[in-house]
Each structure stands twice: as C-alpha cells, then as structure tokens.
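Contents: one structure, followed by commentary.
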Amino acid sequence: MTFEGAAHGSVTVRAPGKINVALLVGRLMDDGYHDVATAYQAVSLFEDVRATPADDVSVSFAGPIATEDLPTGNDNLAVRAARLLARETGHDGGAHLHITKRVPVAGGMGGGSADAAATLVACDALWGTDCGRDDLLALGARLGADVPFALLGGTAIGTGRGDQLSPALSTGQFHWVLAVSDTGMSTPSTYRALDAHRERHSADISPASPAPTVPDDVMHALRSGDAVALGEALTNDLQAAALQLRPELGDTLELGEANGALAGIVSGSGPTIAFLVSDVESAIDLQVTLSAAGHRALRVTGPVPGARILEA
Ligand SMILES: C[C@](O)(CO)[C@H](O)COP(=O)(O)OP(=O)(O)OC[C@H]1O[C@@H](n2ccc(N)nc2=O)[C@H](O)[C@@H]1O
Ligand SMILES: Nc1ncnc2c1ncn2[C@@H]1O[C@H](COP(=O)(O)OP(=O)(O)OP(=O)(O)O)[C@@H](O)[C@H]1O
C-alpha cells in the first residue's frame, strides 16, 4: 500500500464503522478474549484520518461528534496504531493525525478501530514503509479485535477474537437506520455481563465446547441480498447483556420494530441500535419517527469498502 508521492505532503484515509449482523460468543479464553464467530458488514458512516509529517505522533479531532472527552495520549487507538507501525518498520519520525469523527464513540460500531485502521494505511503511505495488506492486517489485530475488519471492509466472517477474517459474499445494498445513544458503553463490561449471566444460569461452555459458527441463514440472506431474510436471521449474543445494562434500549427496539423496521439489533457491544429496513423510503420514515421520539437517528447503507486513501 505504498504511495511514494506522499513522502512530504499529507495523506487522508477513510475507514468505515461496522454492524455485526451476527455475533455468536463462545467461551472465555485464557487471554481474556472470547472465542467469537461474527458476520461483519461495513456501513457508510466513516472516520477520516489525515496524517501529516511531524517529529512525534499526536492527534486532534473534528467533526459532528468530536468531544473533549476523547483520549489524545498514548491510549488513543490511532496514536497506538502509528507508534506500532513506526516501531515494527523501524521508521524514524512521526505524524500528526487529524481525525474527522462520525462513528458514535463507544457505540459498538468500531469507531476507534476505524481510526486505527485508517491511521495504519495513512502512515504507511506517508512514510513509504510499504507494508503489504497482510502485514497491516496482522498489525491491526494487535491493536484490537475489530481493527482488521475496518481495513478489509465489505462483508466478512470473523472468528477467533473476531480478527481472523474471511471475506463473505453479499449482494446489493442493505439499508439501516441507527438509533445512537448519547452515552457510550464499555465493550469489556458488556462481555462481562454476558459471562455473569452465563455463570448464573450454569451455561455449559467449556474448552471442549464446539467453536461458535455464523448460522447458514445469515450467510444465505447476505448472499442473496434478501433484506427480509436477513432481518429474520439477525443475531447477537451480546444483546441480552447490553439490554440488561441499559434496559431503555428495549423500548428503542420496540419503537423501531413497530414503525416499519424489518428487525432491530444491538450493534456489537451496544448501545447503538441498528434497524434493518427494506428500502430508502422506509429508512426515511423510520428516521423521522425515531427523531420525533427524541432519538438521534442516522441512515446508512452497507456494505462499503474498507480503509482507503482519499487524498495524498
Ligand atoms: C463487540 C465487538 O465489537 C464485535 O465485533 C468486538 O468483539 C469488540 O472488539 P474491540 O472493541 O476491537 O475489542 P478489543 O479492543 O480488542 O477488546 C476489548 C475487550 O473486549 C473484550 N473482548 C473483545 C473481543 C472478543 N472476541 N472477546 C472479548 O472478550 C475483552 O474484554 C477485551 O479486553
Ligand atoms: N480514536 C479513538 N476514538 C474513539 N475512542 C477512542 C479512540 N481511541 C481510544 N478510544 C477509547 O476507546 C473507547 C471505545 O471507543 P470506540 O468508539 O472504538 O468504541 P466502540 O465503537 O464501542 O468499539 P467496538 O465496537 O470496537 O467494541 C472510548 O470510550 C475511548 O475512551
């Protein structure tokens, strides 16, 4: 992914947020991660990262949802991505990363992961470090489970931590309406709530249990571009845990499903609710209804491409 002309200028890369149209959560592994099987769909809500040459690595935010609370130090995922790439390639220099934020923060849509993916591609081009796609995917996996998918985009199955990807077939465009919460949720907390629930109910998930797999009906609905079938097949093992932590999300789901959605699902670890609708007209209607009820509602489509250079 080299871009030689960018040696002294700046590089802007766009990476998408995601919806898990299926998320099956298996056992808790020794590394603190769960063995998952997920079907990712990249959607048209994008993070743009502009990387400009600098002595060190730094970050700033702009855009409709940028807030003061976002971390700007070494715990920022984009900063970590740039530092990791520099370390692994022996690059001596830095970059200023200017991020236009659109994916809800801590919303279950992989916004920080998109920042990390875009940063890897942008800095690789800016610095001429010439990492191939496989190397970037491997670096991405070290930053977070969702990062490789933000690089790849489209539709893909993720296994292991969710970072072992294989592209999946998908036809046409799916239309979604997102109900976005003002307050985010912590991903580890949602996983922990699921574990606690399983423990209370003595769920039998042991190292000997079979690894989770994405159900055939999900794969078939994606392949045939059948929104009605996909609506019936949407599944998320983290949904009950997210609803337990945020009971009001249940009301949001009911509201959307009573107002034209084919189905609604908690996106990843929550709290964003993603409603699948049959076409753009239904999407507009549902967006109006949700907005009138006081929700922040966005319309998106998927699948869309993974991290790509917009400008260099
Ligand atoms: C909920 C999803 O967004 C669905 O795609 C992902 O599973 C989470 O991906 P992510 O936010 O990129 O996750 P990471 O930043 O790598 O991990 C944060 C934390 O989430 C939990 N985690 C994450 C992924 C996974 N397969 N099992 C887990 O238990 C772990 O507590 C981990 O420490
Ligand atoms: N570049 C970044 N943008 C947003 N949050 C970041 C970033 N870097 C680190 N963070 C921290 O990570 C937390 C979760 O961020 P993020 O928006 O990626 O959550 P998420 O979309 O729910 O993640 P996922 O869906 O991958 O589980 C934030 O609350 C913030 O403290």
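Note on naming: chains are A, B, ... as they come in the structure tokens, residues start from 1 per chain, ligands start from 1 in the order shown.
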Exercise for the section: Just the residues within 8 Å of region 255-271 of chain A, please, counting only C-alpha atoms, with nothing from its chain fewer than 5 positions along; format it as a PyMOL selection string. Expected result: chain A and resi 19-20+23+106-109+180-181+184-187+190-191+227-228+231-232+234-236+238-239+242+246+249+276-278+282+285-286+289-290
Tyr33 (chain A) surroundings by only C-alpha atoms, 12 Å radius, close-in-sequence under 5 positions cut, as a PDB file with C-alpha atoms, in the first residue's frame:
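Writing the result to part28.pdb gives the following:
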ATOM      1  CA  VAL A  25     -19.960 -15.575  21.560  1.00  0.00           C
ATOM      2  CA  GLY A  26     -18.244 -18.787  22.680  1.00  0.00           C
ATOM      3  CA  ARG A  27     -16.028 -19.495  25.633  1.00  0.00           C
ATOM      4  CA  LEU A  28     -13.827 -17.060  27.525  1.00  0.00           C
ATOM      5  CA  GLY A 144      -7.930  -4.582  18.645  1.00  0.00           C
ATOM      6  CA  ALA A 145     -10.261  -7.351  17.533  1.00  0.00           C
ATOM      7  CA  THR A 159     -13.504 -15.886  14.033  1.00  0.00           C
ATOM      8  CA  GLY A 160     -11.130 -16.279  16.980  1.00  0.00           C
ATOM      9  CA  ARG A 161     -11.193 -12.874  18.673  1.00  0.00           C
ATOM     10  CA  GLY A 162     -13.085 -11.643  15.581  1.00  0.00           C
ATOM     11  CA  ASP A 163      -9.802 -10.776  13.886  1.00  0.00           C
ATOM     12  CA  THR A 187     -17.104  -3.316  25.461  1.00  0.00           C
ATOM     13  CA  PRO A 188     -15.454  -5.320  28.303  1.00  0.00           C
ATOM     14  CA  TYR A 191     -18.851  -9.126  27.671  1.00  0.00           C
ATOM     15  CA  ARG A 192     -18.566  -9.375  31.475  1.00  0.00           C
ATOM     16  CA  ASP A 195     -20.289 -14.065  31.410  1.00  0.00           C
TER      17      ASP A 195
END
Exercise for the section: Write down as a PyMOL selection string the residues belonging to region 62-200 of chain A that are assigned strand (DSSP E) by DSSP computed on the backbone. Expected result: chain A and resi 62+94-100+155-160+164-167+174-180
Practice task
Can you pull out every residue within 12 Å of Ser291 (chain A), counting only C-alpha atoms, but drop anything in the same chain fewer than 3 positions away, and send it as a PyMOL selection string?
Solution key: chain A and resi 177-180+252+255-256+284-288+294-299
Exercise for the section: Find, counting only C-alpha atoms, the residue in A:Asp115, A:Glu248, A:Asp216, A:Glu68 that gets nearest to Asp48 (chain A). Expected result: A:Asp115
Exercise for the section: Have a look at A:His197, A:Arg308, A:Arg14, A:Arg50 and name the one nearest to Gly111 (chain A); count only C-alpha atoms. Expected result: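 Ranked by minimum distance to Gly111 (chain A), first place goes to A:Arg14.
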Practice task
Would you please work out which residue, of A:Ala78, A:Val11, A:Leu126, A:Val43, is nearest to Val147 (chain A) when using only C-alpha atoms?
Solution key: A:Ala78
Exercise for the section: Kindly indicate which residue among A:Met29, A:Ala156, A:Met219, A:Ala229 lies nearest to Ser206 (chain A), using only C-alpha atoms for the distances. Expected result: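 So, comparing all the options, the nearest one is A:Met29.
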Practice task
From region 48-200 of chain A, collect each residue whose DSSP state is alpha helix (DSSP H) and return the set as a PyMOL selection string.
Solution key: chain A and resi 77-89+111-127+133-143+147-152+187-200
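Of the residues under consideration (A:Ala54, A:Ile65, A:Leu230, A:Leu24), A:Leu24 shows the shortest atom-to-atom contact distance to ligand 1 when counting only C-alpha atoms and all ligand atoms.
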Exercise for the section: Work out how far CA of Leu143 (chain A) is from atom 30 (C, counted along the ligand's line) of ligand 2, in Å to one decimal. Expected result: 13.4 Å
Problem - Nearest to Ala51 (chain A), chosen from A:Leu77, A:Ala66, A:Ala208, A:Leu97, with only C-alpha atoms counted in the distances - result: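 Looking at the shortest contact to Ala51 (chain A), the residue is A:Leu97.
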Handout entry: Point-to-point distance in Å for CA of Gly140 (chain A) and CA of Ala307 (chain A)
Key = 11.7 Å
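Here atom 14 (P, counted along the ligand's line) of ligand 1 stands at a distance of 15.9 Å from CA of Leu84 (chain A).
The protein and nucleic acid residues lying at most 12 Å from Ser166 (chain A) are Ala37, Thr38, Ala39, Tyr40, Leu137, Pro148, Phe149, Leu152, Gly153, Gly154, Thr155, Ala156, Ile157, Gly158, Thr159, Gly160, Gly162, Asp163 and Leu169 of chain A, with only C-alpha atoms considered and sequence neighbours fewer than 3 positions away removed.
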Export of the given selection (C-alpha atoms) as a PDB file, in the first residue's frame:
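part-v1.pdb written:
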ATOM      1  CA  ALA A  37     -17.942 -16.004  15.199  1.00  0.00           C
ATOM      2  CA  THR A  38     -19.295 -12.875  13.595  1.00  0.00           C
ATOM      3  CA  ALA A  39     -20.579 -11.610  10.266  1.00  0.00           C
ATOM      4  CA  TYR A  40     -19.407  -8.027   9.845  1.00  0.00           C
ATOM      5  CA  LEU A 137      -3.961  -6.868   8.957  1.00  0.00           C
ATOM      6  CA  PRO A 148      -8.585  -5.909  10.764  1.00  0.00           C
ATOM      7  CA  PHE A 149     -12.181  -5.682   9.579  1.00  0.00           C
ATOM      8  CA  LEU A 152     -10.832  -5.047   4.903  1.00  0.00           C
ATOM      9  CA  GLY A 153     -14.391  -3.653   4.834  1.00  0.00           C
ATOM     10  CA  GLY A 154     -17.242  -5.102   2.766  1.00  0.00           C
ATOM     11  CA  THR A 155     -18.756  -8.205   4.313  1.00  0.00           C
ATOM     12  CA  ALA A 156     -16.622 -10.714   6.186  1.00  0.00           C
ATOM     13  CA  ILE A 157     -16.733 -13.506   8.705  1.00  0.00           C
ATOM     14  CA  GLY A 158     -14.540 -13.020  11.763  1.00  0.00           C
ATOM     15  CA  THR A 159     -13.504 -15.886  14.033  1.00  0.00           C
ATOM     16  CA  GLY A 160     -11.130 -16.279  16.980  1.00  0.00           C
ATOM     17  CA  GLY A 162     -13.085 -11.643  15.581  1.00  0.00           C
ATOM     18  CA  ASP A 163      -9.802 -10.776  13.886  1.00  0.00           C
ATOM     19  CA  LEU A 169     -20.407 -12.923  -0.457  1.00  0.00           C
TER      20      LEU A 169
END
